[in-house]
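**Student:** Got a file for you: upload11.tsv, TSV, C-alpha atoms.
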chain	number	residue	atom	x	y	z
A	959	MET	CA	-93.36	51.50	-140.03
A	960	MET	CA	-94.00	54.39	-142.42
A	961	ARG	CA	-93.39	54.50	-146.15
A	962	HIS	CA	-91.87	57.77	-147.38
A	963	GLY	CA	-93.90	60.33	-149.31
A	964	GLU	CA	-94.04	60.91	-153.06
A	965	VAL	CA	-90.69	61.60	-154.74
A	966	HIS	CA	-89.77	64.12	-157.43
A	967	ASN	CA	-88.95	61.74	-160.29
A	968	PRO	CA	-89.67	63.43	-163.64
A	969	ASP	CA	-87.81	60.78	-165.66
A	970	GLY	CA	-89.82	57.93	-164.14
A	971	ILE	CA	-86.85	55.72	-163.27
A	972	LEU	CA	-86.47	53.08	-160.58
A	973	TYR	CA	-84.14	55.10	-158.37
A	974	GLY	CA	-83.66	52.56	-155.58
A	975	ARG	CA	-80.69	53.60	-153.47
A	976	LEU	CA	-79.46	56.36	-155.80
A	977	PRO	CA	-78.72	59.65	-154.01
A	978	GLY	CA	-80.42	62.96	-154.67
A	979	PHE	CA	-84.07	61.93	-154.94
A	980	ARG	CA	-86.06	64.34	-152.81
A	981	LEU	CA	-89.74	64.56	-151.95
A	982	SER	CA	-92.06	66.28	-154.40
A	983	ASP	CA	-94.36	69.06	-153.23
A	984	SER	CA	-97.06	66.41	-152.81
A	985	GLY	CA	-94.63	64.23	-150.88
A	986	ARG	CA	-93.87	67.03	-148.42
A	987	ALA	CA	-97.60	67.60	-147.97
A	988	GLN	CA	-98.05	63.88	-147.29
A	989	ALA	CA	-95.29	63.92	-144.68
A	990	ASN	CA	-96.87	66.92	-142.97
A	991	LYS	CA	-100.28	65.24	-143.04
A	992	VAL	CA	-98.93	62.18	-141.26
A	993	ALA	CA	-97.11	64.39	-138.74
A	994	ASP	CA	-100.45	66.09	-138.00
A	995	THR	CA	-102.18	62.72	-137.71
A	996	LEU	CA	-99.59	61.59	-135.17
A	997	ALA	CA	-99.71	64.82	-133.17
A	998	ASP	CA	-101.54	63.23	-130.24
A	999	HIS	CA	-99.53	60.00	-130.30
A	1000	ASP	CA	-96.86	59.26	-127.71
A	1001	VAL	CA	-93.95	59.15	-130.18
A	1002	THR	CA	-90.60	59.28	-128.40
A	1003	ALA	CA	-88.25	58.00	-131.12
A	1004	VAL	CA	-88.02	58.57	-134.89
A	1005	PHE	CA	-85.85	56.38	-137.10
A	1006	ALA	CA	-85.30	56.69	-140.86
A	1007	SER	CA	-83.56	55.10	-143.79
A	1008	PRO	CA	-80.44	57.04	-144.82
A	1009	LEU	CA	-81.99	57.93	-148.18
A	1010	GLN	CA	-83.02	61.56	-148.68
A	1011	ARG	CA	-86.72	60.89	-149.27
A	1012	ALA	CA	-87.02	58.99	-145.98
A	1013	GLN	CA	-85.10	61.61	-144.02
A	1014	GLU	CA	-87.33	64.37	-145.42
A	1015	THR	CA	-90.46	62.37	-144.60
A	1016	ALA	CA	-89.30	61.88	-141.01
A	1017	THR	CA	-88.39	65.54	-140.49
A	1018	PRO	CA	-91.83	67.00	-139.63
A	1019	ILE	CA	-92.61	64.10	-137.28
A	1020	ALA	CA	-89.34	64.50	-135.38
A	1021	GLY	CA	-89.39	68.29	-135.56
A	1022	ALA	CA	-92.81	68.59	-133.94
A	1023	ARG	CA	-91.40	66.81	-130.87
A	1024	GLY	CA	-87.90	68.21	-130.75
A	1025	LEU	CA	-86.50	64.75	-131.51
A	1026	THR	CA	-83.37	63.91	-133.46
A	1027	ILE	CA	-83.87	61.50	-136.37
A	1028	VAL	CA	-81.87	58.31	-135.82
A	1029	THR	CA	-80.56	57.03	-139.14
A	1030	ASN	CA	-80.76	53.23	-139.38
A	1031	ASP	CA	-79.25	51.54	-142.45
A	1032	GLU	CA	-81.47	48.50	-141.83
A	1033	LEU	CA	-84.42	50.61	-143.07
A	1034	ILE	CA	-82.86	51.32	-146.49
A	1035	GLU	CA	-84.54	50.48	-149.80
A	1036	ALA	CA	-84.05	46.97	-151.20
A	1037	ASP	CA	-81.11	46.50	-153.54
A	1038	ASN	CA	-82.18	46.13	-157.20
A	1039	VAL	CA	-80.18	45.52	-160.39
A	1040	PHE	CA	-82.64	47.68	-162.37
A	1041	GLU	CA	-81.77	50.76	-160.32
A	1042	GLY	CA	-81.46	53.83	-162.54
A	1043	LEU	CA	-83.54	52.34	-165.36
A	1044	LYS	CA	-87.12	52.73	-166.49
A	1045	VAL	CA	-89.10	49.59	-165.74
A	1046	SER	CA	-92.53	50.61	-167.03
A	1047	VAL	CA	-94.48	48.05	-169.03
A	1048	GLY	CA	-93.85	48.16	-172.78
A	1049	ASP	CA	-91.01	50.67	-173.00
A	1050	GLY	CA	-88.79	49.93	-170.02
A	1051	ALA	CA	-85.84	47.69	-169.23
A	1052	LEU	CA	-88.08	44.64	-168.78
A	1053	SER	CA	-88.91	44.64	-172.51
A	1054	LYS	CA	-85.24	44.20	-173.51
A	1055	PRO	CA	-84.00	40.59	-173.91
A	1056	ARG	CA	-80.61	41.38	-172.36
A	1057	HIS	CA	-82.36	41.95	-169.02
A	1058	TRP	CA	-84.46	38.78	-169.06
A	1059	PRO	CA	-81.86	36.54	-167.35
A	1060	LYS	CA	-82.06	38.84	-164.34
A	1061	MET	CA	-85.72	37.84	-163.96
A	1062	ARG	CA	-85.14	34.07	-164.00
A	1063	ASP	CA	-86.14	33.59	-160.37
A	1064	PRO	CA	-89.02	35.73	-159.06
A	1065	PHE	CA	-89.14	33.84	-155.77
A	1066	THR	CA	-85.76	34.87	-154.28
A	1067	PRO	CA	-85.78	37.26	-156.30
A	1068	SER	CA	-82.90	37.07	-158.79
A	1069	TRP	CA	-82.97	40.82	-159.56
A	1070	GLY	CA	-82.31	42.08	-156.07
A	1071	GLU	CA	-81.96	41.58	-152.36
A	1072	PRO	CA	-83.44	38.25	-151.20
A	1073	TYR	CA	-86.83	38.69	-149.56
A	1074	ILE	CA	-85.81	36.73	-146.48
A	1075	GLN	CA	-82.72	38.91	-145.95
A	1076	LEU	CA	-84.91	41.99	-146.35
A	1077	ALA	CA	-87.44	40.67	-143.82
A	1078	HIS	CA	-84.75	39.88	-141.27
A	1079	ARG	CA	-83.08	43.30	-141.40
A	1080	MET	CA	-86.44	45.06	-141.18
A	1081	LEU	CA	-87.38	42.92	-138.18
A	1082	ALA	CA	-84.10	43.93	-136.54
A	1083	ALA	CA	-85.00	47.59	-137.18
A	1084	ALA	CA	-88.47	47.08	-135.68
A	1085	ASN	CA	-87.00	45.44	-132.58
A	1086	LYS	CA	-84.55	48.32	-132.08
A	1087	ALA	CA	-87.38	50.84	-132.38
A	1088	ARG	CA	-89.56	48.89	-129.94
A	1089	ASP	CA	-86.75	48.76	-127.40
A	1090	ALA	CA	-85.85	52.45	-127.82
A	1091	ALA	CA	-89.45	53.57	-127.24
A	1092	ARG	CA	-90.57	50.87	-124.83
A	1093	GLY	CA	-93.85	51.94	-123.24
A	1094	HIS	CA	-94.27	54.64	-125.91
A	1095	GLU	CA	-94.38	54.78	-129.72
A	1096	ALA	CA	-91.69	54.93	-132.40
A	1097	VAL	CA	-91.86	55.85	-136.07
A	1098	CYS	CA	-89.55	54.17	-138.62
A	1099	VAL	CA	-89.54	55.70	-142.11
A	1100	SER	CA	-88.60	53.21	-144.79
A	1101	HIS	CA	-89.68	52.16	-148.29
A	1102	GLN	CA	-92.50	50.22	-149.93
A	1103	LEU	CA	-90.90	46.82	-150.48
A	1104	PRO	CA	-89.07	46.64	-147.12
A	1105	VAL	CA	-92.20	47.60	-145.17
A	1106	TYR	CA	-94.49	45.28	-147.10
A	1107	THR	CA	-92.03	42.38	-146.92
A	1108	LEU	CA	-91.78	42.76	-143.14
A	1109	ARG	CA	-95.56	42.73	-142.87
A	1110	ARG	CA	-95.87	39.55	-144.95
A	1111	PHE	CA	-93.13	37.90	-142.89
A	1112	LEU	CA	-94.81	38.75	-139.60
A	1113	GLU	CA	-98.20	37.58	-140.89
A	1114	GLY	CA	-96.73	34.25	-141.96
A	1115	GLN	CA	-97.38	34.82	-145.65
A	1116	ARG	CA	-95.04	33.76	-148.45
A	1117	LEU	CA	-92.61	36.57	-149.21
A	1118	TRP	CA	-92.80	36.54	-153.01
A	1119	HIS	CA	-95.93	38.31	-154.23
A	1120	ASP	CA	-97.64	40.28	-157.00
A	1121	PRO	CA	-96.39	43.91	-156.76
A	1122	ARG	CA	-99.75	45.10	-158.10
A	1123	ARG	CA	-101.39	43.92	-154.88
A	1124	ARG	CA	-99.08	45.57	-152.37
A	1125	GLN	CA	-100.94	47.37	-149.61
A	1126	CYS	CA	-98.37	50.03	-148.83
A	1127	SER	CA	-99.37	53.45	-150.19
A	1128	LEU	CA	-97.14	56.50	-150.09
A	1129	ALA	CA	-96.79	57.85	-146.53
A	1130	SER	CA	-98.86	54.93	-145.20
A	1131	LEU	CA	-98.43	53.49	-141.73
A	1132	THR	CA	-98.02	49.79	-140.97
A	1133	SER	CA	-98.26	49.79	-137.18
A	1134	LEU	CA	-96.82	46.94	-135.14
A	1135	ILE	CA	-98.55	46.66	-131.77
A	1136	TYR	CA	-96.56	45.04	-128.96
A	1137	GLU	CA	-97.32	43.85	-125.46
A	1138	GLY	CA	-93.86	43.61	-123.96
A	1139	ASP	CA	-91.79	41.84	-126.59
A	1140	ALA	CA	-94.77	40.04	-128.11
A	1141	LEU	CA	-96.30	41.30	-131.37
A	1142	VAL	CA	-100.08	41.22	-130.86
A	1143	ASP	CA	-101.47	43.10	-133.87
A	1144	ILE	CA	-100.64	44.80	-137.17
A	1145	ILE	CA	-102.74	47.78	-138.24
A	1146	TYR	CA	-102.49	49.39	-141.69
A	1147	SER	CA	-103.65	52.96	-142.33
A	1148	GLU	CA	-103.38	55.63	-145.03
A	1149	PRO	CA	-103.53	59.05	-143.34
A	1150	ALA	CA	-102.24	60.73	-146.51
A	1151	GLY	CA	-104.54	58.79	-148.87
A	1152	ALA	CA	-104.10	55.85	-151.23
A	1153	SER	CA	-101.62	55.60	-154.11
A	1154	ASP	CA	-100.88	53.25	-156.99
A	1155	PRO	CA	-98.44	50.53	-155.84
A	1156	LEU	CA	-96.95	50.41	-159.34
A	1157	ALA	CA	-96.24	54.14	-159.73
A	1158	THR	CA	-92.75	54.12	-161.25
A	1159	GLY	CA	-90.14	55.31	-158.82
A	1160	ALA	CA	-92.55	55.87	-155.97
Translate the structure described by the file into C-alpha cells.

**Tutor:**
Amino acid sequence: MMRHGEVHNPDGILYGRLPGFRLSDSGRAQANKVADTLADHDVTAVFASPLQRAQETATPIAGARGLTIVTNDELIEADNVFEGLKVSVGDGALSKPRHWPKMRDPFTPSWGEPYIQLAHRMLAAANKARDAARGHEAVCVSHQLPVYTLRRFLEGQRLWHDPRRRQCSLASLTSLIYEGDALVDIIYSEPAGASDPLATGA
C-alpha cells in the first residue's frame, strides 16, 4: 500500500476527491524514487485510486514493467464534508462556528466516511491485489487516511486516532506480507523521505 506523492496545492485546501489535483514537481520526484526503490522487486500488478495524484504516482512503477495500471475505486480518498475548504489551525473552516456541528463525533467520524467502512473497502482492495499477484508483489497507490486506517485495523488498534501521529508519509510504503492468504507481517518504509502528516492538502 503506497501513499501518493506531494500534490500541487497552492491554495492549501483539503481537496479530498476533487478532480484536477496533480503531483507537484517534488511529488513526481518522490514517485520516481519509489519506482527506483522497487526496481528489483517482483511487482506484477499495479493498482491505483482513480484520483489523478494516485494515477500519476503509479505511472513510473507500472511503466518500468510494461504493466497497465488497474484503477480500483476501493482505493479512493476518504469522503470528507470539509472538501474544498482550508482546514488549517486558526484561519480555516474549523474556526467557524457553523462548522462545529460537523465535528460532534470524532470517533465515527461525523465529518466523513466512517472509519470501519474505510477499513473494510481497503481490506477488499488489499485482498484483490494479493490474489492478482499471488506468489509475486503488487503495489496499490492510495491516500494517507485510507492506508493508515487499514494498517490500524489490521494491527487491531482502535480506528479513531490523533492525525498528528499518523505514520504515513508522502510516497511511503505500508507493506502487507502474506503467506498464502494469511497476513504475517506489516512493514512501513519511507523510500522518498518523511513528511509532515498535517501538511494541508497532502

**Student:** Quick one: of A:Gly1114, A:Gly985, A:Pro1055, A:Pro1104, who's nearest to Asp1031 of chain A, counting all atoms listed in the file?

**Tutor:**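 Comparing A:Gly1114, A:Gly985, A:Pro1055, A:Pro1104 against Asp1031 of chain A, the winner is A:Pro1104.
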
**Student:** Take atom CA of Ala1020 of chain A and atom CA of Val1004 of chain A and report the distance between them in Å, one decimal.

**Tutor:**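 Atom CA of Ala1020 of chain A sits 6.1 Å away from atom CA of Val1004 of chain A.
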
**Student:** With a distance cut-off of 7 Å and all atoms listed in the file, select the neighbouring residues of segment 1068-1080 of chain A, excluding the residue or stretch itself and same-chain residues fewer than 6 positions from it, and output the selection as a compact mmCIF listing (two decimals) with C-alpha atoms, in the frame of the given file.

**Tutor:**
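The new file out18.txt reads:
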# COMPACT_ATOMS: atom_id res chain seq x y z
CA GLU A 1032 -81.47 48.50 -141.83
CA LEU A 1033 -84.42 50.61 -143.07
CA ALA A 1036 -84.05 46.97 -151.20
CA ASP A 1037 -81.11 46.50 -153.54
CA ASN A 1038 -82.18 46.13 -157.20
CA VAL A 1039 -80.18 45.52 -160.39
CA LYS A 1060 -82.06 38.84 -164.34
CA MET A 1061 -85.72 37.84 -163.96
CA ARG A 1062 -85.14 34.07 -164.00
CA PRO A 1104 -89.07 46.64 -147.12
CA THR A 1107 -92.03 42.38 -146.92
CA LEU A 1108 -91.78 42.76 -143.14
CA PHE A 1111 -93.13 37.90 -142.89
CA LEU A 1117 -92.61 36.57 -149.21

**Student:** Counting only C-alpha atoms, which of A:Thr1029, A:Gln1102, A:Ser1133, A:Ser1053 gets nearest to Pro1121 of chain A?

**Tutor:**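 Checking each candidate against Pro1121 of chain A, we get A:Gln1102 as the closest.
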
**Student:** Identify which of the residues A:Gly1151, A:Gly1138, A:Pro968, A:Gly1093 lies closest to Val1001 of chain A, counting all atoms listed in the file when measuring atom-to-atom distances.

**Tutor:**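 Once distances to Val1001 of chain A are computed over all atoms listed in the file, the minimum belongs to A:Gly1093.
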
**Student:** For Gln1013 of chain A, work out the shell of residues within 10 Å, counting only C-alpha atoms and skipping chain neighbours fewer than 3 positions away, then give it as a list in words.

**Tutor:**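 Close residues of Gln1013 of chain A: His962, Arg980, Leu981, Phe1005, Ala1006, Ser1007, Pro1008, Leu1009, Gln1010, Ala1016, Thr1017, Pro1018, Ile1027, Val1028, Thr1029, Val1099 and Ser1100 of chain A.
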
**Student:** For Asp1120 of chain A, which of A:Leu996, A:Ala1084, A:Leu1156, A:Ile1135 is the closest residue, counting all atoms listed in the file?

**Tutor:**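 Checking each candidate against Asp1120 of chain A, we get A:Leu1156 as the closest.
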
**Student:** Which is closer to Gly974 of chain A than all the others in A:Leu1112, A:Val1045, A:Ala987, A:Cys1126, using only C-alpha atoms?

**Tutor:** A:Val1045

**Student:** For Asn967 of chain A, which residue out of A:Lys1044, A:Ile1019, A:Asn990, A:Trp1058 is the nearest one, using only C-alpha atoms?

**Tutor:**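 Closest candidate: A:Lys1044.
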
**Student:** Mind giving me the straight-line distance from atom CA of Lys991 of chain A to atom CA of Arg1023 of chain A in Å, one decimal?

**Tutor:**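 Atom CA of Arg1023 of chain A lies 15.1 Å from atom CA of Lys991 of chain A.
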
**Student:** Go ahead and compute the interatomic distance for atom CA of Arg1092 of chain A and atom CA of Leu1141 of chain A, in Å to one decimal.

**Tutor:**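 Between atom CA of Arg1092 of chain A and atom CA of Leu1141 of chain A the gap is 12.9 Å.
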